[in-house]
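Engineer: Next comes final.cif, mmCIF, N, CA and C atoms:
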data_target
loop_
_atom_site.label_atom_id
_atom_site.label_comp_id
_atom_site.auth_asym_id
_atom_site.auth_seq_id
_atom_site.Cartn_x
_atom_site.Cartn_y
_atom_site.Cartn_z
N MET D 10 0.85 -1.17 0.00
CA MET D 10 0.00 0.00 0.00
C MET D 10 0.90 1.24 0.00
N SER D 11 0.61 2.16 -0.92
CA SER D 11 1.44 3.36 -1.05
C SER D 11 1.20 4.32 0.12
N ALA D 12 2.16 5.18 0.35
CA ALA D 12 2.03 6.20 1.40
C ALA D 12 0.84 7.11 1.10
N PHE D 13 0.63 7.39 -0.20
CA PHE D 13 -0.52 8.22 -0.59
C PHE D 13 -1.82 7.57 -0.14
N TRP D 14 -1.98 6.29 -0.47
CA TRP D 14 -3.20 5.56 -0.13
C TRP D 14 -3.41 5.53 1.38
N ARG D 15 -2.35 5.21 2.14
CA ARG D 15 -2.47 5.18 3.61
C ARG D 15 -2.89 6.55 4.14
N GLY D 16 -2.27 7.60 3.60
CA GLY D 16 -2.60 8.95 4.05
C GLY D 16 -4.03 9.32 3.73
N LEU D 17 -4.51 8.94 2.54
CA LEU D 17 -5.88 9.25 2.16
C LEU D 17 -6.86 8.45 3.01
N ARG D 18 -6.58 7.18 3.25
CA ARG D 18 -7.46 6.37 4.10
C ARG D 18 -7.53 6.97 5.51
N GLN D 19 -6.39 7.43 6.04
CA GLN D 19 -6.38 8.04 7.36
C GLN D 19 -7.22 9.31 7.35
N PHE D 20 -7.09 10.11 6.29
CA PHE D 20 -7.88 11.34 6.17
C PHE D 20 -9.37 11.02 6.17
N VAL D 21 -9.76 10.02 5.39
CA VAL D 21 -11.17 9.64 5.32
C VAL D 21 -11.66 9.12 6.67
N ARG D 22 -10.84 8.35 7.36
CA ARG D 22 -11.26 7.82 8.66
C ARG D 22 -11.47 8.94 9.67
N GLN D 23 -10.73 10.03 9.53
CA GLN D 23 -10.91 11.15 10.44
C GLN D 23 -12.18 11.92 10.12
N ARG D 24 -12.68 11.80 8.91
CA ARG D 24 -13.89 12.50 8.48
C ARG D 24 -14.88 11.50 7.90
N PRO D 25 -15.45 10.66 8.72
CA PRO D 25 -16.33 9.60 8.20
C PRO D 25 -17.74 10.09 7.87
N GLU D 26 -17.83 11.34 7.44
CA GLU D 26 -19.12 11.94 7.16
C GLU D 26 -19.69 11.42 5.84
N VAL D 27 -20.92 10.93 5.90
CA VAL D 27 -21.61 10.47 4.71
C VAL D 27 -22.14 11.69 3.96
N ASP D 28 -21.91 11.73 2.66
CA ASP D 28 -22.46 12.81 1.83
C ASP D 28 -23.79 12.31 1.27
N GLU D 29 -24.85 13.04 1.57
CA GLU D 29 -26.20 12.58 1.17
C GLU D 29 -26.40 12.56 -0.34
N ARG D 30 -25.49 13.13 -1.10
CA ARG D 30 -25.59 13.06 -2.57
C ARG D 30 -25.15 11.72 -3.12
N VAL D 31 -24.46 10.91 -2.30
CA VAL D 31 -24.04 9.58 -2.72
C VAL D 31 -25.20 8.62 -2.51
N PRO D 32 -25.69 7.97 -3.56
CA PRO D 32 -26.81 7.05 -3.39
C PRO D 32 -26.45 5.88 -2.48
N GLU D 33 -27.44 5.45 -1.71
CA GLU D 33 -27.24 4.26 -0.88
C GLU D 33 -26.98 3.06 -1.78
N LEU D 34 -26.20 2.13 -1.29
CA LEU D 34 -25.80 0.96 -2.06
C LEU D 34 -27.00 0.21 -2.63
N SER D 35 -28.09 0.14 -1.90
CA SER D 35 -29.27 -0.60 -2.35
C SER D 35 -29.88 0.00 -3.63
N ARG D 36 -29.56 1.24 -3.95
CA ARG D 36 -30.09 1.90 -5.15
C ARG D 36 -29.18 1.74 -6.36
N TRP D 37 -27.96 1.26 -6.16
CA TRP D 37 -27.00 1.16 -7.25
C TRP D 37 -27.43 0.13 -8.28
N ASP D 38 -27.07 0.38 -9.54
CA ASP D 38 -27.17 -0.62 -10.59
C ASP D 38 -26.28 -1.80 -10.18
N SER D 39 -26.53 -2.96 -10.71
CA SER D 39 -25.74 -4.13 -10.30
C SER D 39 -24.25 -3.95 -10.59
N ARG D 40 -23.90 -3.07 -11.53
CA ARG D 40 -22.49 -2.83 -11.86
C ARG D 40 -21.90 -1.67 -11.08
N GLY D 41 -22.73 -0.72 -10.68
CA GLY D 41 -22.24 0.45 -9.97
C GLY D 41 -23.05 1.68 -10.31
N ILE D 42 -22.42 2.85 -10.15
CA ILE D 42 -23.06 4.13 -10.46
C ILE D 42 -22.08 5.02 -11.23
N VAL D 43 -22.65 5.93 -12.00
CA VAL D 43 -21.86 6.86 -12.80
C VAL D 43 -22.06 8.26 -12.25
N GLY D 44 -20.97 9.01 -12.18
CA GLY D 44 -21.05 10.39 -11.71
C GLY D 44 -20.49 11.36 -12.73
N THR D 45 -20.92 12.60 -12.60
CA THR D 45 -20.41 13.68 -13.45
C THR D 45 -19.75 14.71 -12.55
N ILE D 46 -18.49 15.03 -12.84
CA ILE D 46 -17.75 16.03 -12.08
C ILE D 46 -18.37 17.39 -12.36
N GLY D 47 -18.61 18.16 -11.29
CA GLY D 47 -19.32 19.41 -11.44
C GLY D 47 -18.48 20.67 -11.39
N ILE D 48 -17.22 20.58 -10.95
CA ILE D 48 -16.41 21.79 -10.81
C ILE D 48 -14.99 21.56 -11.31
N GLY D 49 -14.30 22.66 -11.55
CA GLY D 49 -12.89 22.59 -11.90
C GLY D 49 -12.65 22.27 -13.36
N GLU D 50 -11.39 22.05 -13.67
CA GLU D 50 -10.99 21.81 -15.06
C GLU D 50 -11.52 20.49 -15.61
N ASN D 51 -11.99 19.60 -14.75
CA ASN D 51 -12.53 18.31 -15.19
C ASN D 51 -14.05 18.27 -15.18
N ALA D 52 -14.68 19.44 -15.03
CA ALA D 52 -16.15 19.50 -15.01
C ALA D 52 -16.72 18.87 -16.27
N GLY D 53 -17.74 18.06 -16.07
CA GLY D 53 -18.40 17.38 -17.18
C GLY D 53 -17.87 15.99 -17.46
N LEU D 54 -16.70 15.67 -16.95
CA LEU D 54 -16.15 14.33 -17.16
C LEU D 54 -16.84 13.32 -16.25
N LYS D 55 -16.85 12.07 -16.68
CA LYS D 55 -17.54 11.00 -15.96
C LYS D 55 -16.59 10.22 -15.06
N VAL D 56 -17.13 9.74 -13.96
CA VAL D 56 -16.44 8.84 -13.04
C VAL D 56 -17.37 7.65 -12.80
N LEU D 57 -16.80 6.54 -12.39
CA LEU D 57 -17.58 5.33 -12.13
C LEU D 57 -17.20 4.77 -10.78
N ALA D 58 -18.21 4.40 -10.01
CA ALA D 58 -17.99 3.62 -8.80
C ALA D 58 -18.47 2.22 -9.16
N LEU D 59 -17.54 1.32 -9.36
CA LEU D 59 -17.81 -0.04 -9.81
C LEU D 59 -17.99 -0.93 -8.59
N LYS D 60 -19.17 -1.55 -8.49
CA LYS D 60 -19.47 -2.40 -7.33
C LYS D 60 -18.75 -3.74 -7.45
N GLU D 61 -18.06 -4.12 -6.40
CA GLU D 61 -17.37 -5.41 -6.33
C GLU D 61 -18.16 -6.33 -5.40
N VAL D 62 -18.47 -7.55 -5.88
CA VAL D 62 -19.20 -8.53 -5.08
C VAL D 62 -18.41 -9.83 -5.04
N ASN D 63 -18.71 -10.64 -4.01
CA ASN D 63 -18.04 -11.94 -3.92
C ASN D 63 -18.82 -12.98 -4.73
N GLY D 64 -18.39 -14.23 -4.68
CA GLY D 64 -19.03 -15.31 -5.44
C GLY D 64 -20.49 -15.52 -5.10
N ALA D 65 -20.89 -15.13 -3.89
CA ALA D 65 -22.28 -15.27 -3.48
C ALA D 65 -23.11 -14.03 -3.82
N GLY D 66 -22.48 -13.05 -4.47
CA GLY D 66 -23.18 -11.83 -4.85
C GLY D 66 -23.28 -10.80 -3.74
N LYS D 67 -22.56 -11.01 -2.64
CA LYS D 67 -22.59 -10.08 -1.51
C LYS D 67 -21.56 -8.96 -1.73
N TYR D 68 -21.97 -7.73 -1.42
CA TYR D 68 -21.09 -6.57 -1.59
C TYR D 68 -19.79 -6.74 -0.80
N VAL D 69 -18.69 -6.39 -1.46
CA VAL D 69 -17.37 -6.44 -0.85
C VAL D 69 -16.76 -5.03 -0.77
N SER D 70 -16.79 -4.32 -1.88
CA SER D 70 -16.18 -2.99 -1.95
C SER D 70 -16.62 -2.32 -3.25
N TYR D 71 -16.12 -1.11 -3.46
CA TYR D 71 -16.29 -0.46 -4.75
C TYR D 71 -14.93 0.05 -5.20
N LEU D 72 -14.82 0.21 -6.50
CA LEU D 72 -13.61 0.71 -7.14
C LEU D 72 -13.97 2.02 -7.82
N LEU D 73 -13.18 3.05 -7.61
CA LEU D 73 -13.42 4.32 -8.28
C LEU D 73 -12.59 4.39 -9.56
N GLU D 74 -13.29 4.53 -10.69
CA GLU D 74 -12.64 4.73 -11.98
C GLU D 74 -12.77 6.19 -12.33
N LEU D 75 -11.63 6.84 -12.51
CA LEU D 75 -11.57 8.26 -12.78
C LEU D 75 -11.13 8.49 -14.23
N PRO D 76 -11.34 9.68 -14.78
CA PRO D 76 -11.01 9.92 -16.18
C PRO D 76 -9.50 9.96 -16.48
N PHE D 77 -8.69 10.08 -15.45
CA PHE D 77 -7.23 10.16 -15.60
C PHE D 77 -6.57 9.30 -14.52
N ALA D 78 -5.25 9.20 -14.57
CA ALA D 78 -4.52 8.45 -13.55
C ALA D 78 -4.79 9.02 -12.17
N PHE D 79 -5.01 10.33 -12.09
CA PHE D 79 -5.38 10.98 -10.84
C PHE D 79 -6.07 12.29 -11.17
N ILE D 80 -6.87 12.77 -10.24
CA ILE D 80 -7.44 14.11 -10.34
C ILE D 80 -7.20 14.80 -9.00
N GLU D 81 -7.06 16.10 -9.06
CA GLU D 81 -6.84 16.83 -7.82
C GLU D 81 -7.64 18.12 -7.81
N ASN D 82 -7.99 18.53 -6.61
CA ASN D 82 -8.73 19.75 -6.39
C ASN D 82 -7.91 20.62 -5.46
N PRO D 83 -7.22 21.62 -6.00
CA PRO D 83 -6.36 22.47 -5.17
C PRO D 83 -7.12 23.18 -4.05
N ASP D 84 -8.40 23.48 -4.27
CA ASP D 84 -9.18 24.19 -3.25
C ASP D 84 -9.36 23.38 -1.98
N SER D 85 -9.42 22.05 -2.12
CA SER D 85 -9.64 21.22 -0.94
C SER D 85 -8.44 20.32 -0.62
N SER D 86 -7.37 20.49 -1.35
CA SER D 86 -6.16 19.69 -1.14
C SER D 86 -6.42 18.19 -1.26
N ILE D 87 -7.37 17.82 -2.11
CA ILE D 87 -7.69 16.41 -2.34
C ILE D 87 -7.11 15.99 -3.68
N ARG D 88 -6.43 14.86 -3.67
CA ARG D 88 -5.94 14.23 -4.89
C ARG D 88 -6.39 12.78 -4.82
N MET D 89 -7.11 12.34 -5.82
CA MET D 89 -7.59 10.96 -5.88
C MET D 89 -6.92 10.26 -7.04
N GLU D 90 -6.49 9.03 -6.80
CA GLU D 90 -5.88 8.21 -7.84
C GLU D 90 -6.93 7.28 -8.43
N ASN D 91 -6.80 7.01 -9.70
CA ASN D 91 -7.69 6.09 -10.40
C ASN D 91 -7.48 4.67 -9.88
N GLY D 92 -8.57 3.92 -9.80
CA GLY D 92 -8.49 2.51 -9.48
C GLY D 92 -8.34 2.18 -8.00
N ILE D 93 -8.77 3.07 -7.11
CA ILE D 93 -8.66 2.78 -5.69
C ILE D 93 -9.94 2.13 -5.18
N PHE D 94 -9.77 1.18 -4.29
CA PHE D 94 -10.88 0.44 -3.69
C PHE D 94 -11.22 1.02 -2.33
N ASP D 95 -12.48 0.86 -1.94
CA ASP D 95 -12.92 1.25 -0.60
C ASP D 95 -13.98 0.24 -0.17
N ASP D 96 -13.84 -0.28 1.04
CA ASP D 96 -14.81 -1.26 1.52
C ASP D 96 -15.90 -0.65 2.41
N ASN D 97 -15.92 0.67 2.54
CA ASN D 97 -17.02 1.32 3.25
C ASN D 97 -18.31 1.11 2.46
N VAL D 98 -19.43 1.09 3.15
CA VAL D 98 -20.72 0.88 2.49
C VAL D 98 -21.34 2.25 2.19
N PRO D 99 -21.47 2.59 0.91
CA PRO D 99 -22.05 3.89 0.54
C PRO D 99 -23.43 4.09 1.17
N GLY D 100 -23.61 5.28 1.73
CA GLY D 100 -24.87 5.61 2.39
C GLY D 100 -24.91 5.23 3.86
N GLU D 101 -23.99 4.37 4.28
CA GLU D 101 -23.95 3.94 5.68
C GLU D 101 -22.71 4.47 6.42
N SER D 102 -21.58 4.45 5.74
CA SER D 102 -20.35 4.94 6.35
C SER D 102 -19.59 5.77 5.32
N GLY D 103 -19.08 6.91 5.77
CA GLY D 103 -18.36 7.79 4.86
C GLY D 103 -17.11 7.12 4.33
N GLY D 104 -16.77 7.43 3.10
CA GLY D 104 -15.60 6.84 2.49
C GLY D 104 -15.07 7.69 1.36
N LEU D 105 -14.29 7.07 0.50
CA LEU D 105 -13.66 7.79 -0.59
C LEU D 105 -14.68 8.38 -1.55
N ILE D 106 -15.78 7.68 -1.78
CA ILE D 106 -16.79 8.20 -2.70
C ILE D 106 -17.41 9.49 -2.15
N ASP D 107 -17.54 9.57 -0.84
CA ASP D 107 -18.07 10.79 -0.22
C ASP D 107 -17.08 11.94 -0.37
N GLU D 108 -15.79 11.65 -0.20
CA GLU D 108 -14.76 12.68 -0.36
C GLU D 108 -14.68 13.14 -1.81
N LEU D 109 -14.76 12.20 -2.75
CA LEU D 109 -14.76 12.55 -4.16
C LEU D 109 -15.96 13.45 -4.49
N THR D 110 -17.12 13.10 -3.95
CA THR D 110 -18.34 13.87 -4.19
C THR D 110 -18.19 15.29 -3.68
N ARG D 111 -17.68 15.44 -2.48
CA ARG D 111 -17.50 16.78 -1.90
C ARG D 111 -16.44 17.59 -2.64
N ALA D 112 -15.31 16.98 -2.91
CA ALA D 112 -14.19 17.72 -3.49
C ALA D 112 -14.44 18.14 -4.94
N PHE D 113 -15.22 17.36 -5.67
CA PHE D 113 -15.41 17.62 -7.09
C PHE D 113 -16.87 17.84 -7.47
N ASP D 114 -17.74 18.01 -6.46
CA ASP D 114 -19.16 18.27 -6.68
C ASP D 114 -19.75 17.28 -7.68
N VAL D 115 -19.56 16.00 -7.40
CA VAL D 115 -20.02 14.94 -8.30
C VAL D 115 -21.53 14.73 -8.13
N THR D 116 -22.21 14.62 -9.26
CA THR D 116 -23.63 14.27 -9.29
C THR D 116 -23.70 12.82 -9.77
N TRP D 117 -24.33 11.95 -8.97
CA TRP D 117 -24.36 10.52 -9.24
C TRP D 117 -25.68 10.09 -9.89
N SER D 118 -25.59 9.06 -10.71
CA SER D 118 -26.77 8.45 -11.33
C SER D 118 -26.71 6.94 -11.12
N CYS D 119 -27.83 6.37 -10.71
CA CYS D 119 -27.96 4.93 -10.54
C CYS D 119 -28.59 4.28 -11.77
N SER D 120 -28.90 5.08 -12.76
CA SER D 120 -29.60 4.61 -13.96
C SER D 120 -28.78 3.59 -14.74
N SER D 121 -29.41 2.47 -15.07
CA SER D 121 -28.75 1.46 -15.89
C SER D 121 -28.37 2.04 -17.25
N ALA D 122 -29.20 2.93 -17.78
CA ALA D 122 -28.90 3.56 -19.08
C ALA D 122 -27.63 4.39 -18.99
N ASP D 123 -27.43 5.12 -17.89
CA ASP D 123 -26.22 5.92 -17.73
C ASP D 123 -24.99 5.03 -17.56
N VAL D 124 -25.14 3.92 -16.83
CA VAL D 124 -24.02 2.98 -16.67
C VAL D 124 -23.69 2.35 -18.03
N ASP D 125 -24.72 1.97 -18.80
CA ASP D 125 -24.50 1.43 -20.14
C ASP D 125 -23.75 2.43 -21.01
N ALA D 126 -24.18 3.70 -20.96
CA ALA D 126 -23.54 4.75 -21.77
C ALA D 126 -22.08 4.92 -21.39
N TYR D 127 -21.78 4.83 -20.09
CA TYR D 127 -20.39 4.95 -19.63
C TYR D 127 -19.54 3.86 -20.29
N PHE D 128 -20.03 2.63 -20.25
CA PHE D 128 -19.25 1.53 -20.83
C PHE D 128 -19.20 1.61 -22.35
N ARG D 129 -20.27 2.09 -23.00
CA ARG D 129 -20.25 2.28 -24.45
C ARG D 129 -19.18 3.31 -24.84
N ASP D 130 -19.10 4.39 -24.06
CA ASP D 130 -18.12 5.45 -24.35
C ASP D 130 -16.69 4.94 -24.20
N LEU D 131 -16.48 3.97 -23.31
CA LEU D 131 -15.14 3.39 -23.16
C LEU D 131 -14.72 2.64 -24.41
N ASP D 132 -15.70 2.05 -25.11
CA ASP D 132 -15.40 1.26 -26.30
C ASP D 132 -15.08 2.11 -27.52
N ARG D 133 -15.31 3.41 -27.45
CA ARG D 133 -15.06 4.29 -28.62
C ARG D 133 -13.61 4.67 -28.72
#
Starting from the coordinates I provided, produce the structure as C-alpha cells.
Structural biologist:
Amino acid sequence: MSAFWRGLRQFVRQRPEVDERVPELSRWDSRGIVGTIGIGENAGLKVLALKEVNGAGKYVSYLLELPFAFIENPDSSIRMENGIFDDNVPGESGGLIDELTRAFDVTWSCSSADVDAYFRDLDR
C-alpha cells in the first residue's frame, strides 16, 4: 500500500461523514453508479464507482474509476488516484466516494442507461 493511499485512508477515517448526494448501495445498478464532475478543469467528465461482489453476490467494496490516472482539487487539497478500492458501504459509512463527491461536486446516477452509456463510451 502506497504512502498516498495510507494517508488518504487516514484522512477519510478522520472524516467519516456520509455525503447525502451519494446514493445508498441498495439503489446502485448491479455494476455500480456513474457520476459527473461538477467543478474545476474536469467539469463534465464522468467517473464510475464499480461495485465489487463476492461469489455469493454479496457486496465487498467499490472501485473508483476516474477519467485520468489521478485528479486533484487544489481548493480542498484532495488528490484521488484512479483505481482505488474502498470497503465502506455507501450511504452507511463515509468513504472515498463521499470525499470525491464533496471535493469535485459529483452528481451521481444509478440509472442502468447511464451505466450502459459509460461503458459504451469506453469502447469508442
Engineer: Name the residues that the PyMOL selection byres (((chain D and resi 118 and name CA) around 10) and name CA) picks from the file above, as an MDAnalysis selection string, using the file's chain letters and numbers.
Structural biologist: chainID D and resid 30:32 36:38 41:45 57 115:117 119:124
Engineer: Please report the interatomic distance between atom CA of D:Ser35 and atom CA of D:Lys67 in Å with one decimal.
Structural biologist: 11.6 Å
Engineer: Can you tell me how far atom CA of D:Phe94 sits from atom CA of D:Leu73, in Å to one decimal?
Structural biologist: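 Calculated distance between atom CA of D:Phe94 and atom CA of D:Leu73 is 6.5 Å.
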Engineer: Give the padded box for stretch 109-124 of chain D as JSON: axis-aligned, covering all atoms listed in the file, 3 Å on each side, centre and edge lengths in Å to one decimal.
Structural biologist:
{"center_x": -21.9, "center_y": 9.9, "center_z": -10.5, "size_x": 21.4, "size_y": 22.8, "size_z": 23.2}
Engineer: Can you measure atom C of D:Glu90 to atom C of D:Ala112 for me? One decimal in Å is fine.
Structural biologist: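 Pair atom C of D:Glu90 / atom C of D:Ala112 returns 13.7 Å.
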Engineer: Using DSSP secondary structure from the backbone, list all strand (DSSP E or B) positions within stretch 48-123 of chain D, as JSON, numbers by chain.
Structural biologist: {"D": [55, 56, 57, 58, 59, 60, 61, 62, 68, 69, 70, 71, 72, 73, 74, 79, 80, 81, 82, 87, 88, 89, 90, 93, 94, 95, 116, 117, 118]}
Engineer: Kindly save the residues from that selection, with N, CA and C atoms included, as a compact mmCIF listing (two decimals), in the frame of the given file.
Structural biologist:
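Output file result_35.txt follows:
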# COMPACT_ATOMS: atom_id res chain seq x y z
N LYS D 55 -16.85 12.07 -16.68
CA LYS D 55 -17.54 11.00 -15.96
C LYS D 55 -16.59 10.22 -15.06
N VAL D 56 -17.13 9.74 -13.96
CA VAL D 56 -16.44 8.84 -13.04
C VAL D 56 -17.37 7.65 -12.80
N LEU D 57 -16.80 6.54 -12.39
CA LEU D 57 -17.58 5.33 -12.13
C LEU D 57 -17.20 4.77 -10.78
N ALA D 58 -18.21 4.40 -10.01
CA ALA D 58 -17.99 3.62 -8.80
C ALA D 58 -18.47 2.22 -9.16
N LEU D 59 -17.54 1.32 -9.36
CA LEU D 59 -17.81 -0.04 -9.81
C LEU D 59 -17.99 -0.93 -8.59
N LYS D 60 -19.17 -1.55 -8.49
CA LYS D 60 -19.47 -2.40 -7.33
C LYS D 60 -18.75 -3.74 -7.45
N GLU D 61 -18.06 -4.12 -6.40
CA GLU D 61 -17.37 -5.41 -6.33
C GLU D 61 -18.16 -6.33 -5.40
N VAL D 62 -18.47 -7.55 -5.88
CA VAL D 62 -19.20 -8.53 -5.08
C VAL D 62 -18.41 -9.83 -5.04
N TYR D 68 -21.97 -7.73 -1.42
CA TYR D 68 -21.09 -6.57 -1.59
C TYR D 68 -19.79 -6.74 -0.80
N VAL D 69 -18.69 -6.39 -1.46
CA VAL D 69 -17.37 -6.44 -0.85
C VAL D 69 -16.76 -5.03 -0.77
N SER D 70 -16.79 -4.32 -1.88
CA SER D 70 -16.18 -2.99 -1.95
C SER D 70 -16.62 -2.32 -3.25
N TYR D 71 -16.12 -1.11 -3.46
CA TYR D 71 -16.29 -0.46 -4.75
C TYR D 71 -14.93 0.05 -5.20
N LEU D 72 -14.82 0.21 -6.50
CA LEU D 72 -13.61 0.71 -7.14
C LEU D 72 -13.97 2.02 -7.82
N LEU D 73 -13.18 3.05 -7.61
CA LEU D 73 -13.42 4.32 -8.28
C LEU D 73 -12.59 4.39 -9.56
N GLU D 74 -13.29 4.53 -10.69
CA GLU D 74 -12.64 4.73 -11.98
C GLU D 74 -12.77 6.19 -12.33
N PHE D 79 -5.01 10.33 -12.09
CA PHE D 79 -5.38 10.98 -10.84
C PHE D 79 -6.07 12.29 -11.17
N ILE D 80 -6.87 12.77 -10.24
CA ILE D 80 -7.44 14.11 -10.34
C ILE D 80 -7.20 14.80 -9.00
N GLU D 81 -7.06 16.10 -9.06
CA GLU D 81 -6.84 16.83 -7.82
C GLU D 81 -7.64 18.12 -7.81
N ASN D 82 -7.99 18.53 -6.61
CA ASN D 82 -8.73 19.75 -6.39
C ASN D 82 -7.91 20.62 -5.46
N ILE D 87 -7.37 17.82 -2.11
CA ILE D 87 -7.69 16.41 -2.34
C ILE D 87 -7.11 15.99 -3.68
N ARG D 88 -6.43 14.86 -3.67
CA ARG D 88 -5.94 14.23 -4.89
C ARG D 88 -6.39 12.78 -4.82
N MET D 89 -7.11 12.34 -5.82
CA MET D 89 -7.59 10.96 -5.88
C MET D 89 -6.92 10.26 -7.04
N GLU D 90 -6.49 9.03 -6.80
CA GLU D 90 -5.88 8.21 -7.84
C GLU D 90 -6.93 7.28 -8.43
N ILE D 93 -8.77 3.07 -7.11
CA ILE D 93 -8.66 2.78 -5.69
C ILE D 93 -9.94 2.13 -5.18
N PHE D 94 -9.77 1.18 -4.29
CA PHE D 94 -10.88 0.44 -3.69
C PHE D 94 -11.22 1.02 -2.33
N ASP D 95 -12.48 0.86 -1.94
CA ASP D 95 -12.92 1.25 -0.60
C ASP D 95 -13.98 0.24 -0.17
N THR D 116 -22.21 14.62 -9.26
CA THR D 116 -23.63 14.27 -9.29
C THR D 116 -23.70 12.82 -9.77
N TRP D 117 -24.33 11.95 -8.97
CA TRP D 117 -24.36 10.52 -9.24
C TRP D 117 -25.68 10.09 -9.89
N SER D 118 -25.59 9.06 -10.71
CA SER D 118 -26.77 8.45 -11.33
C SER D 118 -26.71 6.94 -11.12
Engineer: Which residues, named as in the file, does the PyMOL selection byres ((chain D and resi 101-108) around 8) pick out? Answer as a PyMOL selection string.
Structural biologist: chain D and resi 17-18+21-22+24-34+58+73+87+94-100+109-115
